[in-house]
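Note: the block below is structure12.cif and it holds mmCIF, C-alpha atoms.
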data_target
loop_
_atom_site.label_atom_id
_atom_site.label_comp_id
_atom_site.auth_asym_id
_atom_site.auth_seq_id
_atom_site.Cartn_x
_atom_site.Cartn_y
_atom_site.Cartn_z
CA MET F 286 84.00 89.35 81.90
CA THR F 287 83.02 90.29 85.38
CA SER F 288 80.56 92.82 86.64
CA THR F 289 81.32 96.49 87.19
CA PRO F 290 81.17 98.76 89.01
CA SER F 291 82.13 97.31 92.35
CA ALA F 292 81.74 98.64 95.86
CA LEU F 293 85.43 97.91 96.52
CA ASP F 294 87.20 100.68 98.42
CA PRO F 295 88.45 103.05 95.68
CA ALA F 296 91.84 103.28 97.41
CA ILE F 297 92.28 99.54 96.95
CA ALA F 298 90.78 99.48 93.46
CA ALA F 299 93.19 102.21 92.38
CA ARG F 300 96.25 100.13 93.11
CA LEU F 301 94.94 96.68 92.14
CA LYS F 302 96.65 95.39 89.00
CA ARG F 303 94.31 93.06 87.14
CA SER F 304 94.99 90.73 84.24
CA ALA F 305 93.40 91.42 80.86
CA ASP F 306 90.22 89.67 82.00
CA GLY F 307 89.93 91.89 85.08
CA LEU F 308 91.00 89.26 87.58
CA VAL F 309 93.77 88.65 90.10
CA PRO F 310 94.86 85.27 91.43
CA ALA F 311 93.87 84.69 95.06
CA ILE F 312 95.80 82.19 97.17
CA ALA F 313 93.79 80.65 100.02
CA GLN F 314 95.90 79.59 102.99
CA GLN F 315 94.84 77.95 106.25
CA TYR F 316 95.58 80.70 108.76
CA ASP F 317 97.01 78.55 111.57
CA THR F 318 98.73 75.60 109.89
CA GLY F 319 100.00 77.53 106.84
CA GLU F 320 98.66 74.95 104.38
CA VAL F 321 98.13 76.36 100.88
CA LEU F 322 94.57 75.24 100.20
CA MET F 323 93.74 76.38 96.66
CA LEU F 324 94.07 79.19 94.15
CA GLY F 325 91.01 81.04 92.93
CA TRP F 326 90.39 84.25 91.01
CA MET F 327 88.86 87.52 92.16
CA ASP F 328 87.58 90.60 90.44
CA ASP F 329 87.04 93.84 92.37
CA GLU F 330 83.63 92.78 93.63
CA ALA F 331 84.78 89.34 94.77
CA LEU F 332 87.57 91.01 96.72
CA HIS F 333 85.10 93.49 98.18
CA ARG F 334 82.78 90.69 99.31
CA THR F 335 85.71 88.73 100.74
CA LEU F 336 86.77 91.78 102.76
CA THR F 337 83.30 92.68 104.02
CA THR F 338 81.31 89.44 104.46
CA GLY F 339 83.83 87.25 106.27
CA ARG F 340 83.42 84.55 103.61
CA ALA F 341 85.97 83.95 100.85
CA THR F 342 84.31 84.77 97.54
CA TYR F 343 85.77 84.11 94.10
CA TRP F 344 84.91 84.67 90.45
CA SER F 345 84.39 81.35 88.69
CA ARG F 346 86.03 81.59 85.28
CA SER F 347 84.33 78.40 84.11
CA ARG F 348 80.82 79.29 85.26
CA GLY F 349 81.10 83.05 84.84
CA GLU F 350 79.63 83.85 88.24
CA TYR F 351 80.53 84.70 91.81
CA TRP F 352 81.23 81.73 93.98
CA VAL F 353 81.05 81.88 97.76
CA LYS F 354 83.28 79.02 98.83
CA GLY F 355 81.23 76.43 100.68
CA ASP F 356 77.76 77.58 99.59
CA THR F 357 77.08 74.25 97.92
CA SER F 358 79.63 71.98 99.64
CA GLY F 359 79.43 73.38 103.16
CA HIS F 360 83.21 73.68 103.04
CA VAL F 361 83.21 77.32 104.04
CA GLN F 362 86.28 79.56 104.25
CA HIS F 363 86.03 82.03 107.15
CA VAL F 364 88.27 84.99 106.33
CA LYS F 365 90.96 85.83 108.89
CA ALA F 366 93.22 88.21 106.95
CA VAL F 367 93.68 89.50 103.41
CA ALA F 368 96.81 91.04 101.89
CA LEU F 369 97.97 92.24 98.48
CA ASP F 370 101.45 91.45 97.29
CA CYS F 371 104.12 94.05 96.53
CA ASP F 372 102.89 94.46 92.94
CA ALA F 373 99.19 94.51 93.96
CA ASP F 374 98.51 91.80 91.39
CA THR F 375 97.97 88.84 93.75
CA VAL F 376 95.79 88.38 96.84
CA LEU F 377 96.61 86.19 99.84
CA VAL F 378 93.55 85.18 101.84
CA LYS F 379 94.17 83.58 105.21
CA VAL F 380 91.11 81.55 106.11
CA ASP F 381 89.76 78.97 108.48
CA GLN F 382 88.80 76.19 106.08
CA ILE F 383 85.90 73.99 107.20
CA GLY F 384 86.39 70.46 105.89
CA ALA F 385 88.04 69.83 102.54
CA ALA F 386 89.20 72.76 100.42
CA CYS F 387 89.25 70.64 97.25
CA HIS F 388 86.17 69.48 95.36
CA THR F 389 87.81 66.04 95.17
CA GLY F 390 87.51 65.72 98.94
CA ASP F 391 91.21 66.28 99.56
CA ARG F 392 92.13 68.73 102.28
CA THR F 393 93.99 70.91 99.76
CA CYS F 394 93.98 71.09 95.96
CA PHE F 395 97.72 70.32 95.95
CA ASP F 396 97.64 66.96 97.73
CA ALA F 397 97.17 64.56 94.82
CA ASP F 398 99.63 65.46 92.07
CA VAL F 399 103.17 65.78 93.44
CA LEU F 400 105.69 65.96 90.59
CA PRO F 401 109.01 64.08 90.51
CA LEU F 402 112.17 66.12 91.02
CA GLY F 403 115.47 65.53 89.25
CA GLN F 404 116.18 64.18 85.79
CA MET W 677 105.08 84.69 74.55
CA THR W 678 107.40 82.09 75.89
CA SER W 679 109.75 79.73 74.15
CA THR W 680 108.77 76.33 72.78
CA PRO W 681 109.38 73.46 72.63
CA SER W 682 110.30 72.57 76.18
CA ALA W 683 112.05 69.52 77.61
CA LEU W 684 109.25 69.18 80.19
CA ASP W 685 108.14 65.56 80.70
CA PRO W 686 105.40 65.03 78.05
CA ALA W 687 103.20 63.32 80.65
CA ILE W 688 103.20 66.53 82.69
CA ALA W 689 102.93 68.81 79.67
CA ALA W 690 99.88 66.85 78.47
CA ARG W 691 97.87 67.63 81.58
CA LEU W 692 99.10 71.16 82.29
CA LYS W 693 96.36 73.73 81.67
CA ARG W 694 97.92 77.03 80.66
CA SER W 695 96.37 80.46 80.36
CA ALA W 696 96.08 82.10 76.93
CA ASP W 697 99.67 83.35 77.27
CA GLY W 698 101.00 79.85 77.93
CA LEU W 699 101.62 80.37 81.63
CA VAL W 700 100.44 78.98 84.96
CA PRO W 701 100.64 80.77 88.31
CA ALA W 702 103.27 79.32 90.65
CA ILE W 703 102.95 79.81 94.40
CA ALA W 704 106.26 79.73 96.29
CA GLN W 705 105.94 78.55 99.89
CA GLN W 706 108.62 78.17 102.55
CA TYR W 707 108.69 74.41 103.01
CA ASP W 708 109.08 74.30 106.79
CA THR W 709 107.27 77.36 108.14
CA GLY W 710 104.45 77.35 105.56
CA GLU W 711 104.89 81.06 104.75
CA VAL W 712 103.53 82.02 101.33
CA LEU W 713 106.49 83.89 99.87
CA MET W 714 105.43 85.12 96.43
CA LEU W 715 103.54 84.24 93.28
CA GLY W 716 105.37 83.93 89.97
CA TRP W 717 104.52 82.54 86.54
CA MET W 718 105.86 79.48 84.75
CA ASP W 719 105.71 78.19 81.22
CA ASP W 720 106.56 74.56 80.45
CA GLU W 721 110.30 75.22 80.32
CA ALA W 722 110.36 77.17 83.60
CA LEU W 723 108.53 74.26 85.26
CA HIS W 724 110.99 71.83 83.68
CA ARG W 725 113.97 73.80 84.98
CA THR W 726 112.38 74.07 88.43
CA LEU W 727 111.90 70.30 88.55
CA THR W 728 115.36 69.41 87.28
CA THR W 729 117.80 72.07 88.51
CA GLY W 730 116.78 72.40 92.15
CA ARG W 731 116.35 76.17 91.71
CA ALA W 732 112.95 77.82 91.35
CA THR W 733 112.75 79.33 87.88
CA TYR W 734 110.00 81.61 86.60
CA TRP W 735 108.98 83.38 83.43
CA SER W 736 109.15 87.14 83.87
CA ARG W 737 106.13 88.66 82.16
CA SER W 738 107.57 92.16 82.43
CA ARG W 739 111.03 91.31 81.10
CA GLY W 740 110.02 88.48 78.76
CA GLU W 741 112.72 86.12 79.95
CA TYR W 742 113.43 83.26 82.30
CA TRP W 743 114.29 84.30 85.80
CA VAL W 744 116.17 82.04 88.18
CA LYS W 745 115.14 83.37 91.57
CA GLY W 746 118.20 84.72 93.37
CA ASP W 747 120.53 84.97 90.37
CA THR W 748 120.89 88.71 90.84
CA SER W 749 119.82 89.13 94.49
CA GLY W 750 121.40 86.03 95.98
CA HIS W 751 118.00 85.26 97.48
CA VAL W 752 117.88 81.77 96.06
CA GLN W 753 114.94 79.37 96.33
CA HIS W 754 116.10 75.76 96.77
CA VAL W 755 113.30 73.49 95.55
CA LYS W 756 112.02 70.94 98.06
CA ALA W 757 108.76 69.76 96.41
CA VAL W 758 106.52 70.69 93.47
CA ALA W 759 102.85 69.83 93.01
CA LEU W 760 100.08 70.63 90.54
CA ASP W 761 96.61 71.39 91.78
CA CYS W 762 93.51 69.32 91.00
CA ASP W 763 92.88 71.24 87.77
CA ALA W 764 96.56 71.20 86.73
CA ASP W 765 96.41 74.96 86.22
CA THR W 766 98.42 76.08 89.26
CA VAL W 767 101.83 75.02 90.62
CA LEU W 768 102.83 74.95 94.29
CA VAL W 769 106.59 75.09 94.81
CA LYS W 770 107.85 74.35 98.30
CA VAL W 771 111.26 75.93 98.68
CA ASP W 772 113.93 76.86 101.13
CA GLN W 773 114.10 80.63 100.66
CA ILE W 774 117.49 82.20 101.34
CA GLY W 775 117.02 85.73 102.68
CA ALA W 776 114.13 87.89 101.54
CA ALA W 777 111.69 86.57 98.96
CA CYS W 778 110.51 90.07 98.06
CA HIS W 779 112.51 92.57 96.02
CA THR W 780 111.54 95.20 98.62
CA GLY W 781 113.58 93.35 101.22
CA ASP W 782 110.55 91.95 103.02
CA ARG W 783 110.60 88.27 103.89
CA THR W 784 107.49 87.68 101.77
CA CYS W 785 105.71 89.71 99.10
CA PHE W 786 102.56 89.76 101.25
CA ASP W 787 103.99 91.46 104.35
CA ALA W 788 103.42 95.12 103.52
CA ASP W 789 99.87 95.57 102.27
CA VAL W 790 97.36 93.99 104.66
CA LEU W 791 93.83 95.09 103.78
CA PRO W 792 91.20 96.12 106.32
CA LEU W 793 88.33 93.70 106.97
CA GLY W 794 84.72 94.63 107.62
CA GLN W 795 82.73 97.64 106.48
#

Take the structure in the file and give it back as structure tokens.
Amino acid sequence: MTSTPSALDPAIAARLKRSADGLVPAIAQQYDTGEVLMLGWMDDEALHRTLTTGRATYWSRSRGEYWVKGDTSGHVQHVKAVALDCDADTVLVKVDQIGAACHTGDRTCFDADVLPLGQ
Amino acid sequence: MTSTPSALDPAIAARLKRSADGLVPAIAQQYDTGEVLMLGWMDDEALHRTLTTGRATYWSRSRGEYWVKGDTSGHVQHVKAVALDCDADTVLVKVDQIGAACHTGDRTCFDADVLPLGQ
């Protein structure tokens, strides 16, 4: 589980619809090209930090800790815009991605495993 | 819970990493403009149908049934490409969205609720 309470604006927290583990999926998109870079997870505090620090910040489900994208890799995400979807259960973060978004070195996490269409 | 078994290619099913409820998040993106349209959820069978029918198909968590996007609204998503991410726990579906992606009538589900940045 993630930490509480958070400094997230109560007006946002009140309408955010979290999964059972207190998280929402967060889609990171390159703001100018439209590339979908990766999907991470945010709790209230990760969203708050993303909104207020200018750096995309996620909750790592595997490590159980906050994760400021680029802190170890240098592949920072500068936040340009953040929106909730119509159900307030998904976040879209438009960023300027420095270098590779994917830990494999690929520009996006969706570059390597394209699935075949058709029968 | 969702139905099993699925006709999904066993090679794909073997590497797909599902959440506890058997689902993966699926990001729908307009294939030519790059717009992020919506986020839905897929189980193995929804992914199989998306790959083989040419129509984006999701699992509705609220209704507990498969949902072929556009079957009631006419706002069909024609599938152009499908990829898994590096962890095989998220799907990116590039589509040609007919009309509005959002049930509110907005082009995308992220148009209406842009959050303020900064303190």

Write out as a ChimeraX atom specification which residues come within 8 Å of stretch 301-312 of chain F when counting all atoms listed in the file, dropping same-chain ones fewer than 5 positions away. /F:286-287,321-329,372-378 /W:701

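By all atoms listed in the file, and with residues fewer than 2 positions from stretch 354-358 of chain F along its chain excluded, the set lying at most 9 Å from it is Arg340, Ala341, Thr342, Tyr343, Trp352, His360, Val361, Gln362, Ile383, Ala386 and His388 of chain F.
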
Chain W superposed on chain F over all ordered C-alpha pairs, least squares: can you write that as a compact mmCIF listing (two decimals) with C-alpha atoms, keeping the file's coordinate frame?
# COMPACT_ATOMS: atom_id res chain seq x y z
CA MET W 677 84.04 89.30 81.89
CA THR W 678 83.03 90.26 85.36
CA SER W 679 80.55 92.79 86.61
CA THR W 680 81.31 96.46 87.18
CA PRO W 681 81.16 98.76 89.01
CA SER W 682 82.13 97.30 92.35
CA ALA W 683 81.74 98.66 95.87
CA LEU W 684 85.42 97.89 96.53
CA ASP W 685 87.20 100.68 98.43
CA PRO W 686 88.46 103.06 95.68
CA ALA W 687 91.84 103.29 97.41
CA ILE W 688 92.28 99.54 96.96
CA ALA W 689 90.77 99.48 93.48
CA ALA W 690 93.19 102.22 92.38
CA ARG W 691 96.25 100.13 93.12
CA LEU W 692 94.95 96.69 92.15
CA LYS W 693 96.65 95.41 88.99
CA ARG W 694 94.31 93.09 87.13
CA SER W 695 94.98 90.74 84.25
CA ALA W 696 93.40 91.43 80.85
CA ASP W 697 90.23 89.67 82.02
CA GLY W 698 89.92 91.90 85.08
CA LEU W 699 91.00 89.26 87.58
CA VAL W 700 93.78 88.66 90.09
CA PRO W 701 94.86 85.27 91.43
CA ALA W 702 93.87 84.68 95.06
CA ILE W 703 95.80 82.19 97.17
CA ALA W 704 93.79 80.65 100.02
CA GLN W 705 95.91 79.59 102.99
CA GLN W 706 94.85 77.95 106.25
CA TYR W 707 95.59 80.70 108.75
CA ASP W 708 97.01 78.56 111.55
CA THR W 709 98.73 75.61 109.88
CA GLY W 710 100.01 77.54 106.84
CA GLU W 711 98.67 74.95 104.37
CA VAL W 712 98.13 76.35 100.87
CA LEU W 713 94.58 75.22 100.17
CA MET W 714 93.73 76.36 96.65
CA LEU W 715 94.07 79.17 94.15
CA GLY W 716 91.00 81.03 92.92
CA TRP W 717 90.38 84.25 91.00
CA MET W 718 88.87 87.53 92.16
CA ASP W 719 87.58 90.61 90.43
CA ASP W 720 87.05 93.84 92.38
CA GLU W 721 83.62 92.79 93.64
CA ALA W 722 84.77 89.34 94.77
CA LEU W 723 87.59 91.01 96.72
CA HIS W 724 85.09 93.49 98.17
CA ARG W 725 82.78 90.69 99.30
CA THR W 726 85.71 88.74 100.75
CA LEU W 727 86.78 91.78 102.77
CA THR W 728 83.31 92.68 104.01
CA THR W 729 81.33 89.46 104.45
CA GLY W 730 83.84 87.27 106.26
CA ARG W 731 83.42 84.55 103.60
CA ALA W 732 85.97 83.97 100.85
CA THR W 733 84.31 84.77 97.54
CA TYR W 734 85.76 84.10 94.10
CA TRP W 735 84.92 84.65 90.46
CA SER W 736 84.38 81.35 88.68
CA ARG W 737 86.00 81.58 85.26
CA SER W 738 84.31 78.39 84.10
CA ARG W 739 80.81 79.29 85.28
CA GLY W 740 81.06 83.07 84.85
CA GLU W 741 79.62 83.86 88.25
CA TYR W 742 80.53 84.70 91.81
CA TRP W 743 81.22 81.72 93.99
CA VAL W 744 81.03 81.88 97.76
CA LYS W 745 83.28 79.03 98.82
CA GLY W 746 81.22 76.43 100.68
CA ASP W 747 77.77 77.59 99.57
CA THR W 748 77.08 74.25 97.91
CA SER W 749 79.63 71.99 99.66
CA GLY W 750 79.42 73.38 103.17
CA HIS W 751 83.21 73.68 103.06
CA VAL W 752 83.21 77.32 104.05
CA GLN W 753 86.28 79.55 104.25
CA HIS W 754 86.03 82.02 107.15
CA VAL W 755 88.27 84.99 106.34
CA LYS W 756 90.95 85.80 108.91
CA ALA W 757 93.22 88.21 106.97
CA VAL W 758 93.68 89.50 103.41
CA ALA W 759 96.81 91.03 101.90
CA LEU W 760 97.97 92.23 98.50
CA ASP W 761 101.45 91.46 97.30
CA CYS W 762 104.13 94.06 96.53
CA ASP W 763 102.89 94.46 92.95
CA ALA W 764 99.20 94.51 93.96
CA ASP W 765 98.51 91.80 91.40
CA THR W 766 97.98 88.84 93.74
CA VAL W 767 95.79 88.38 96.84
CA LEU W 768 96.61 86.18 99.83
CA VAL W 769 93.55 85.18 101.83
CA LYS W 770 94.17 83.58 105.20
CA VAL W 771 91.11 81.55 106.12
CA ASP W 772 89.76 78.98 108.48
CA GLN W 773 88.80 76.19 106.08
CA ILE W 774 85.91 74.01 107.20
CA GLY W 775 86.38 70.47 105.87
CA ALA W 776 88.04 69.84 102.53
CA ALA W 777 89.19 72.76 100.41
CA CYS W 778 89.26 70.65 97.26
CA HIS W 779 86.18 69.49 95.36
CA THR W 780 87.81 66.04 95.17
CA GLY W 781 87.52 65.72 98.93
CA ASP W 782 91.21 66.29 99.56
CA ARG W 783 92.15 68.74 102.28
CA THR W 784 93.98 70.92 99.75
CA CYS W 785 93.99 71.10 95.96
CA PHE W 786 97.73 70.32 95.94
CA ASP W 787 97.63 66.95 97.73
CA ALA W 788 97.18 64.57 94.80
CA ASP W 789 99.63 65.48 92.06
CA VAL W 790 103.17 65.78 93.44
CA LEU W 791 105.68 65.95 90.58
CA PRO W 792 108.99 64.08 90.51
CA LEU W 793 112.17 66.11 91.01
CA GLY W 794 115.48 65.55 89.26
CA GLN W 795 116.22 64.10 85.85

Any idea what the distance is between atom CA of W:Leu723 and atom CA of W:Leu684?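 Separating atom CA of W:Leu723 from atom CA of W:Leu684 is a distance of 7.2 Å.
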
For the atom pair atom CA of W:Ala722 and atom CA of F:Arg346, what is the interatomic distance in Å to one decimal place? 24.8 Å

What does the PyMOL selection byres ((chain F) within 8 of (chain W)) select in this file, as a PyMOL selection string? chain F and resi 310+318-321+323-324+336-339+366-371+375+377+387+389+394-404

Go ahead and compute the interatomic distance for atom CA of W:Trp735 and atom CA of W:Ala683, in Å to one decimal.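 Computing it gives 15.3 Å between the two atoms.
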
Selecting N, CA and C atoms, how would stretch 317-346 of chain F from this structure be written as a JSON list (two decimals), in the first residue's frame?
[["chain", "number", "residue", "atom", "x", "y", "z"],
["F", 317, "ASP", "N", 4.71, 16.71, -27.73],
["F", 317, "ASP", "CA", 4.68, 17.30, -29.07],
["F", 317, "ASP", "C", 4.49, 16.26, -30.18],
["F", 318, "THR", "N", 5.08, 15.10, -30.04],
["F", 318, "THR", "CA", 4.94, 14.08, -31.09],
["F", 318, "THR", "C", 3.72, 13.20, -30.90],
["F", 319, "GLY", "N", 3.18, 13.14, -29.66],
["F", 319, "GLY", "CA", 2.04, 12.27, -29.38],
["F", 319, "GLY", "C", 2.41, 10.84, -29.06],
["F", 320, "GLU", "N", 3.69, 10.49, -29.12],
["F", 320, "GLU", "CA", 4.10, 9.11, -28.77],
["F", 320, "GLU", "C", 3.60, 8.73, -27.37],
["F", 321, "VAL", "N", 3.02, 7.52, -27.25],
["F", 321, "VAL", "CA", 2.72, 6.97, -25.94],
["F", 321, "VAL", "C", 4.01, 6.32, -25.44],
["F", 322, "LEU", "N", 4.54, 6.83, -24.34],
["F", 322, "LEU", "CA", 5.87, 6.44, -23.87],
["F", 322, "LEU", "C", 5.83, 5.23, -22.95],
["F", 323, "MET", "N", 4.92, 5.22, -22.00],
["F", 323, "MET", "CA", 4.88, 4.18, -20.97],
["F", 323, "MET", "C", 3.59, 4.34, -20.17],
["F", 324, "LEU", "N", 3.31, 3.34, -19.35],
["F", 324, "LEU", "CA", 2.22, 3.44, -18.38],
["F", 324, "LEU", "C", 2.79, 3.15, -17.00],
["F", 325, "GLY", "N", 2.55, 4.07, -16.08],
["F", 325, "GLY", "CA", 2.95, 3.88, -14.70],
["F", 325, "GLY", "C", 1.73, 3.94, -13.80],
["F", 326, "TRP", "N", 1.96, 3.96, -12.50],
["F", 326, "TRP", "CA", 0.85, 3.99, -11.54],
["F", 326, "TRP", "C", 1.09, 5.13, -10.56],
["F", 327, "MET", "N", 0.03, 5.80, -10.17],
["F", 327, "MET", "CA", 0.13, 6.89, -9.21],
["F", 327, "MET", "C", -0.86, 6.69, -8.08],
["F", 328, "ASP", "N", -0.41, 7.02, -6.87],
["F", 328, "ASP", "CA", -1.35, 7.23, -5.77],
["F", 328, "ASP", "C", -1.55, 8.74, -5.65],
["F", 329, "ASP", "N", -2.31, 9.17, -4.65],
["F", 329, "ASP", "CA", -2.59, 10.60, -4.50],
["F", 329, "ASP", "C", -1.31, 11.42, -4.41],
["F", 330, "GLU", "N", -0.35, 10.93, -3.65],
["F", 330, "GLU", "CA", 0.87, 11.71, -3.42],
["F", 330, "GLU", "C", 1.73, 11.77, -4.69],
["F", 331, "ALA", "N", 1.78, 10.69, -5.44],
["F", 331, "ALA", "CA", 2.53, 10.72, -6.70],
["F", 331, "ALA", "C", 1.91, 11.72, -7.66],
["F", 332, "LEU", "N", 0.58, 11.75, -7.70],
["F", 332, "LEU", "CA", -0.10, 12.73, -8.55],
["F", 332, "LEU", "C", 0.19, 14.15, -8.06],
["F", 333, "HIS", "N", 0.14, 14.33, -6.76],
["F", 333, "HIS", "CA", 0.44, 15.65, -6.19],
["F", 333, "HIS", "C", 1.84, 16.11, -6.58],
["F", 334, "ARG", "N", 2.82, 15.21, -6.45],
["F", 334, "ARG", "CA", 4.20, 15.59, -6.78],
["F", 334, "ARG", "C", 4.35, 15.85, -8.28],
["F", 335, "THR", "N", 3.65, 15.08, -9.09],
["F", 335, "THR", "CA", 3.69, 15.29, -10.54],
["F", 335, "THR", "C", 3.14, 16.67, -10.89],
["F", 336, "LEU", "N", 2.06, 17.07, -10.20],
["F", 336, "LEU", "CA", 1.44, 18.36, -10.48],
["F", 336, "LEU", "C", 2.27, 19.54, -9.98],
["F", 337, "THR", "N", 3.04, 19.33, -8.92],
["F", 337, "THR", "CA", 3.67, 20.48, -8.26],
["F", 337, "THR", "C", 5.17, 20.58, -8.44],
["F", 338, "THR", "N", 5.84, 19.50, -8.87],
["F", 338, "THR", "CA", 7.30, 19.55, -8.98],
["F", 338, "THR", "C", 7.79, 19.69, -10.41],
["F", 339, "GLY", "N", 6.90, 19.47, -11.39],
["F", 339, "GLY", "CA", 7.33, 19.53, -12.78],
["F", 339, "GLY", "C", 8.01, 18.26, -13.27],
["F", 340, "ARG", "N", 8.11, 17.26, -12.42],
["F", 340, "ARG", "CA", 8.73, 15.98, -12.77],
["F", 340, "ARG", "C", 7.73, 14.85, -12.57],
["F", 341, "ALA", "N", 7.56, 14.01, -13.59],
["F", 341, "ALA", "CA", 6.61, 12.91, -13.48],
["F", 341, "ALA", "C", 7.09, 11.93, -12.41],
["F", 342, "THR", "N", 6.18, 11.64, -11.49],
["F", 342, "THR", "CA", 6.49, 10.82, -10.32],
["F", 342, "THR", "C", 5.45, 9.71, -10.20],
["F", 343, "TYR", "N", 5.91, 8.50, -10.06],
["F", 343, "TYR", "CA", 5.03, 7.33, -10.02],
["F", 343, "TYR", "C", 5.21, 6.58, -8.71],
["F", 344, "TRP", "N", 4.28, 5.64, -8.46],
["F", 344, "TRP", "CA", 4.42, 4.68, -7.38],
["F", 344, "TRP", "C", 4.87, 3.37, -7.99],
["F", 345, "SER", "N", 6.03, 2.88, -7.57],
["F", 345, "SER", "CA", 6.52, 1.60, -8.08],
["F", 345, "SER", "C", 5.85, 0.46, -7.32],
["F", 346, "ARG", "N", 5.03, -0.30, -8.03],
["F", 346, "ARG", "CA", 4.36, -1.44, -7.39],
["F", 346, "ARG", "C", 5.35, -2.53, -7.02]]
